[in-house]
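Notes to accompany the following structure.
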Amino acid sequence: MIVIRALKDVGSYFLMLRRVFSGFTKASVLRELVFKEINDLILGSLGIVSFISFFVGGVIAIQTALNLENPLIPKSLIGFATRQSMILEFAPTFISIIMAGKMGSFITSSIGSMRVTEQIDALDVMGINSLNYLVFPKVVALMLYPFVIALAMFLGIFGGFLAGVYGGFVSPGEFVTGLQDSFDPFHLTYAFIKTFIFAFILATVPSWQGYFMKGGALEVGKASTNSFVWTSVLIILMNYIVTSLLLS
């Protein structure tokens, strides 16, 4: 029974994607919707992303410094560890999981509320492809999501620099040396490939949960919870798959 339900859910998700990328709404209308989604999803997330990234970068630098017990280990390792942690995992993956709660809940609740109040039915009656109208602008807006992750990387490293230097753990020169040590540009490519995949998941999975929910206001809350769970699981799963393919 569980397997059948899971297959039904997977099927409804891919059928939704087919409708999202067909039957396009008028271009001028879509343009306005895209700008609205950029404001709500991208610009509205910059504050929390900046705050979390800055202080997590500082924590990484401090914890690395406190674990350098061997005097033979160079202090430049603090900068190296901060860079690697922020670029490879924290910024692309863990920020995306946090956004699964913020963005995902917002998307699911907004579409779910439209379903409850029969606004989606009204769009369908008017001959508008409601999935393209509601979901496609979110997909386009979240193609700018890598800029959010790039900001998270920068602020995390900057926070690590300030915490390490002004905490007395490392000199500015040693931290910068660590940042430059053994730098592989492909790590950035890998991080942004992951980010684009996560952006697509963040746009479509919460939309799927909101669009196909049934019931009233209570079910909207349940759908938001399911959205966070499904999105987080898929992000972690895709993180494992992409890492295995690109870095092994």
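Identifiers for the structure tokens are assigned positionally: chains receive A, B, ... in sequence, residues are indexed from 1 per chain, and ligands are indexed from 1 in the order shown.
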
- Residues at most 12 Å from A:Thr117, counting only C-alpha atoms, excluding those fewer than 3 positions away in the same chain, as a ChimeraX atom specification? /A:109-114,120-123,214-217,220

Can you spit out the residues from that selection as a tab-separated table (two decimals), in the first residue's frame, using all heavy atoms?
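Saved the output as out.tsv:
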chain	number	residue	atom	x	y	z
A	109	SER	N	2.06	26.99	1.46
A	109	SER	CA	0.90	27.63	2.11
A	109	SER	C	0.19	28.58	1.17
A	109	SER	O	-1.04	28.65	1.17
A	109	SER	CB	1.35	28.36	3.37
A	109	SER	OG	2.31	29.36	3.07
A	110	SER	N	0.95	29.30	0.32
A	110	SER	CA	0.31	30.25	-0.59
A	110	SER	C	-0.51	29.52	-1.66
A	110	SER	O	-1.66	29.88	-1.94
A	110	SER	CB	1.35	31.16	-1.25
A	110	SER	OG	2.28	30.42	-2.00
A	111	ILE	N	0.06	28.46	-2.25
A	111	ILE	CA	-0.68	27.70	-3.26
A	111	ILE	C	-1.79	26.89	-2.60
A	111	ILE	O	-2.91	26.79	-3.14
A	111	ILE	CB	0.27	26.78	-4.05
A	111	ILE	CG1	1.26	27.63	-4.86
A	111	ILE	CG2	-0.51	25.85	-4.99
A	111	ILE	CD1	2.26	26.82	-5.67
A	112	GLY	N	-1.53	26.33	-1.43
A	112	GLY	CA	-2.56	25.57	-0.72
A	112	GLY	C	-3.75	26.44	-0.34
A	112	GLY	O	-4.90	26.00	-0.44
A	113	SER	N	-3.49	27.68	0.06
A	113	SER	CA	-4.58	28.61	0.39
A	113	SER	C	-5.42	28.91	-0.85
A	113	SER	O	-6.64	29.04	-0.77
A	113	SER	CB	-4.01	29.90	0.98
A	113	SER	OG	-3.33	29.65	2.18
A	114	MET	N	-4.74	29.03	-1.99
A	114	MET	CA	-5.48	29.25	-3.24
A	114	MET	C	-6.34	28.04	-3.59
A	114	MET	O	-7.44	28.18	-4.12
A	114	MET	CB	-4.50	29.56	-4.39
A	114	MET	CG	-3.77	30.88	-4.26
A	114	MET	SD	-2.70	31.22	-5.67
A	114	MET	CE	-3.92	31.49	-6.96
A	120	ILE	N	-7.63	28.41	-7.60
A	120	ILE	CA	-7.03	27.60	-8.66
A	120	ILE	C	-8.11	27.09	-9.60
A	120	ILE	O	-7.93	27.08	-10.83
A	120	ILE	CB	-6.22	26.43	-8.04
A	120	ILE	CG1	-5.02	26.98	-7.28
A	120	ILE	CG2	-5.78	25.44	-9.12
A	120	ILE	CD1	-4.18	25.92	-6.58
A	121	ASP	N	-9.25	26.67	-9.04
A	121	ASP	CA	-10.36	26.22	-9.88
A	121	ASP	C	-10.83	27.36	-10.79
A	121	ASP	O	-11.19	27.13	-11.95
A	121	ASP	CB	-11.52	25.73	-9.00
A	121	ASP	CG	-11.14	24.49	-8.19
A	121	ASP	OD1	-10.30	23.72	-8.68
A	121	ASP	OD2	-11.67	24.32	-7.08
A	122	ALA	N	-10.83	28.57	-10.26
A	122	ALA	CA	-11.25	29.73	-11.05
A	122	ALA	C	-10.29	29.96	-12.22
A	122	ALA	O	-10.73	30.28	-13.34
A	122	ALA	CB	-11.31	30.97	-10.17
A	123	LEU	N	-8.98	29.78	-11.99
A	123	LEU	CA	-8.01	29.93	-13.07
A	123	LEU	C	-8.25	28.89	-14.16
A	123	LEU	O	-8.21	29.21	-15.36
A	123	LEU	CB	-6.58	29.78	-12.52
A	123	LEU	CG	-6.03	30.91	-11.65
A	123	LEU	CD1	-4.70	30.51	-11.05
A	123	LEU	CD2	-5.88	32.20	-12.45
A	214	LYS	N	-5.68	18.50	-0.29
A	214	LYS	CA	-7.13	18.48	-0.19
A	214	LYS	C	-7.53	18.81	1.25
A	214	LYS	O	-6.82	18.44	2.19
A	214	LYS	CB	-7.69	17.12	-0.59
A	214	LYS	CG	-7.41	16.75	-2.05
A	214	LYS	CD	-7.94	15.35	-2.37
A	214	LYS	CE	-7.63	14.98	-3.82
A	214	LYS	NZ	-8.12	13.59	-4.13
A	215	GLY	N	-8.65	19.48	1.41
A	215	GLY	CA	-9.13	19.80	2.74
A	215	GLY	C	-9.23	21.29	2.99
A	215	GLY	O	-9.42	22.07	2.05
A	216	GLY	N	-9.05	21.68	4.26
A	216	GLY	CA	-9.20	23.08	4.62
A	216	GLY	C	-7.92	23.66	5.18
A	216	GLY	O	-6.81	23.24	4.83
A	217	ALA	N	-8.07	24.63	6.09
A	217	ALA	CA	-6.92	25.36	6.62
A	217	ALA	C	-5.96	24.45	7.38
A	217	ALA	O	-4.74	24.63	7.32
A	217	ALA	CB	-7.40	26.49	7.53
A	220	VAL	N	-3.65	22.70	5.10
A	220	VAL	CA	-2.59	23.58	4.56
A	220	VAL	C	-1.36	23.50	5.44
A	220	VAL	O	-0.22	23.40	4.96
A	220	VAL	CB	-3.09	25.04	4.45
A	220	VAL	CG1	-1.93	25.95	4.06
A	220	VAL	CG2	-4.21	25.15	3.42

Quick one: residues within 6 Å of stretch 87-100 of chain A, only C-alpha atoms counted, chain neighbours fewer than 4 positions away excluded, as a CSV table (one decimal) with all heavy atoms, in the first residue's frame?
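The file below, part.csv, is the result:
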chain,number,residue,atom,x,y,z
A,104,GLY,N,10.0,26.9,1.2
A,104,GLY,CA,9.0,25.8,0.9
A,104,GLY,C,7.7,26.0,1.6
A,104,GLY,O,6.7,25.8,1.0
A,149,ILE,N,23.4,31.8,-2.7
A,149,ILE,CA,24.5,30.8,-2.1
A,149,ILE,C,25.8,31.5,-2.2
A,149,ILE,O,26.7,31.3,-1.4
A,149,ILE,CB,24.4,29.5,-2.9
A,149,ILE,CG1,23.1,28.8,-2.7
A,149,ILE,CG2,25.5,28.6,-2.5
A,149,ILE,CD1,22.7,28.6,-1.3
A,152,ALA,N,26.2,33.7,0.6
A,152,ALA,CA,26.4,32.8,1.8
A,152,ALA,C,27.8,32.4,2.0
A,152,ALA,O,28.4,32.4,3.0
A,152,ALA,CB,25.5,31.6,1.8
A,153,MET,N,28.4,32.0,0.8
A,153,MET,CA,29.9,31.6,0.8
A,153,MET,C,30.7,32.8,1.3
A,153,MET,O,31.6,32.7,2.1
A,153,MET,CB,30.3,31.2,-0.6
A,153,MET,CG,29.7,29.9,-1.0
A,153,MET,SD,30.2,29.5,-2.7
A,153,MET,CE,29.3,28.0,-3.0
A,191,ALA,N,29.7,23.1,-6.4
A,191,ALA,CA,28.8,23.7,-5.5
A,191,ALA,C,27.6,24.3,-6.2
A,191,ALA,O,26.4,24.2,-5.8
A,191,ALA,CB,29.5,24.7,-4.6
A,195,THR,N,23.6,23.6,-6.4
A,195,THR,CA,22.7,24.7,-6.1
A,195,THR,C,21.6,24.8,-7.1
A,195,THR,O,20.4,25.0,-6.7
A,195,THR,CB,23.5,26.1,-6.1
A,195,THR,OG1,24.5,26.0,-5.0
A,195,THR,CG2,22.5,27.2,-5.7
A,228,PHE,N,8.3,20.5,3.7
A,228,PHE,CA,9.6,20.6,4.3
A,228,PHE,C,10.3,19.2,4.4
A,228,PHE,O,11.5,19.1,4.0
A,228,PHE,CB,9.5,21.2,5.7
A,228,PHE,CG,10.8,21.2,6.5
A,228,PHE,CD1,11.9,22.1,6.1
A,228,PHE,CD2,11.1,20.3,7.5
A,228,PHE,CE1,13.1,22.1,6.7
A,228,PHE,CE2,12.3,20.3,8.2
A,228,PHE,CZ,13.3,21.2,7.8
A,232,SER,N,13.6,18.5,2.1
A,232,SER,CA,14.8,18.2,2.8
A,232,SER,C,15.4,16.8,2.4
A,232,SER,O,16.6,16.7,2.1
A,232,SER,CB,14.6,18.3,4.3
A,232,SER,OG,14.1,19.5,4.7

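Counting only C-alpha atoms, stretch 175-190 of chain A has the following residues at most 6 Å away, ignoring those fewer than 3 positions along the same chain: Ser76, Leu77, Gly79, Phe80, Pro172 and Ile193 of chain A.
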
Near A:Leu15, within 12 Å and counting only C-alpha atoms, which residues show up once chain neighbours fewer than 6 positions away are dropped, as a PDB file with C-alpha atoms, in the first residue's frame?
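In the end it all went to result-v4.pdb:
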ATOM      1  CA  LYS A   8       1.248   7.627  -7.203  1.00  0.00           C
ATOM      2  CA  ASP A   9       2.957  10.624  -5.592  1.00  0.00           C
ATOM      3  CA  PHE A  21       6.335  23.612 -18.914  1.00  0.00           C
ATOM      4  CA  SER A  22       3.424  23.632 -21.351  1.00  0.00           C
ATOM      5  CA  LEU A 131       0.311  25.108 -12.971  1.00  0.00           C
ATOM      6  CA  THR A 204       8.667  22.423  -7.581  1.00  0.00           C
ATOM      7  CA  TRP A 208       3.406  20.070  -5.801  1.00  0.00           C
ATOM      8  CA  PHE A 212      -2.536  18.710  -4.838  1.00  0.00           C
TER       9      PHE A 212
END

Discussion item. Could you pull out the alpha helix (DSSP H) residues of stretch 48-194 of chain A, going by DSSP on the backbone, and write them as a ChimeraX atom specification?
Written reply: /A:48-66,77-84,95-116,119-125,130-141,145-166,172-180,185-194

Go through stretch 96-199 of chain A and flag each residue having an atom no more than 10 Å from stretch 48-71 of chain A; for those, report the closest pair of atoms plus their distance in Å to one decimal, using only C-alpha atoms, ordered by chain and rising number, as a Markdown table.
| residue | atom | partner | partner_atom | distance |
| --- | --- | --- | --- | --- |
| A:Ser96 | CA | A:Val49 | CA | 9.7 |
| A:Ile98 | CA | A:Val49 | CA | 8.7 |
| A:Met99 | CA | A:Val49 | CA | 8.6 |
| A:Lys102 | CA | A:Ile48 | CA | 9.5 |
| A:Val148 | CA | A:Val49 | CA | 7.6 |
| A:Ile149 | CA | A:Val49 | CA | 8.4 |
| A:Leu151 | CA | A:Ser50 | CA | 7.2 |
| A:Ala152 | CA | A:Ser53 | CA | 5.3 |
| A:Met153 | CA | A:Ser53 | CA | 7.3 |
| A:Phe154 | CA | A:Phe54 | CA | 8.5 |
| A:Leu155 | CA | A:Phe54 | CA | 4.9 |
| A:Gly156 | CA | A:Gly57 | CA | 4.0 |
| A:Ile157 | CA | A:Gly57 | CA | 5.7 |
| A:Phe158 | CA | A:Phe54 | CA | 6.9 |
| A:Gly159 | CA | A:Phe54 | CA | 4.6 |
| A:Gly160 | CA | A:Gly58 | CA | 3.9 |
| A:Phe161 | CA | A:Gly58 | CA | 7.2 |
| A:Leu162 | CA | A:Gly58 | CA | 7.2 |
| A:Ala163 | CA | A:Gly58 | CA | 5.0 |
| A:Gly164 | CA | A:Ala61 | CA | 5.8 |
| A:Val165 | CA | A:Ala61 | CA | 9.5 |
| A:Gly167 | CA | A:Ile62 | CA | 8.0 |
| A:Gly168 | CA | A:Ala65 | CA | 9.7 |
| A:Phe169 | CA | A:Ala65 | CA | 6.2 |
| A:Val170 | CA | A:Ala65 | CA | 8.0 |
| A:Phe175 | CA | A:Ala61 | CA | 9.6 |

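Note that atom CA of A:Val139 and atom CA of A:Ser227 are 16.1 Å apart.
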
Between A:Val116, A:Val34, A:Leu144, A:Ile241, smallest distance to A:Gly221 by only C-alpha atoms belongs to A:Val116

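Separating atom CA of A:Gly210 from atom CA of A:Ser105 is a distance of 9.2 Å.
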
Next item on the list: With a distance cut-off of 7 Å and only C-alpha atoms, select the neighbouring residues of A:Phe198, excluding the residue or stretch itself and same-chain residues fewer than 4 positions from it, and output the selection as a list of chain:residue names.
Entry: A:Ser96, A:Lys194, A:Leu202, A:Ile235

One decimal place gives the atom CA of A:Ser171-atom CA of A:Arg83 separation as 15.9 Å
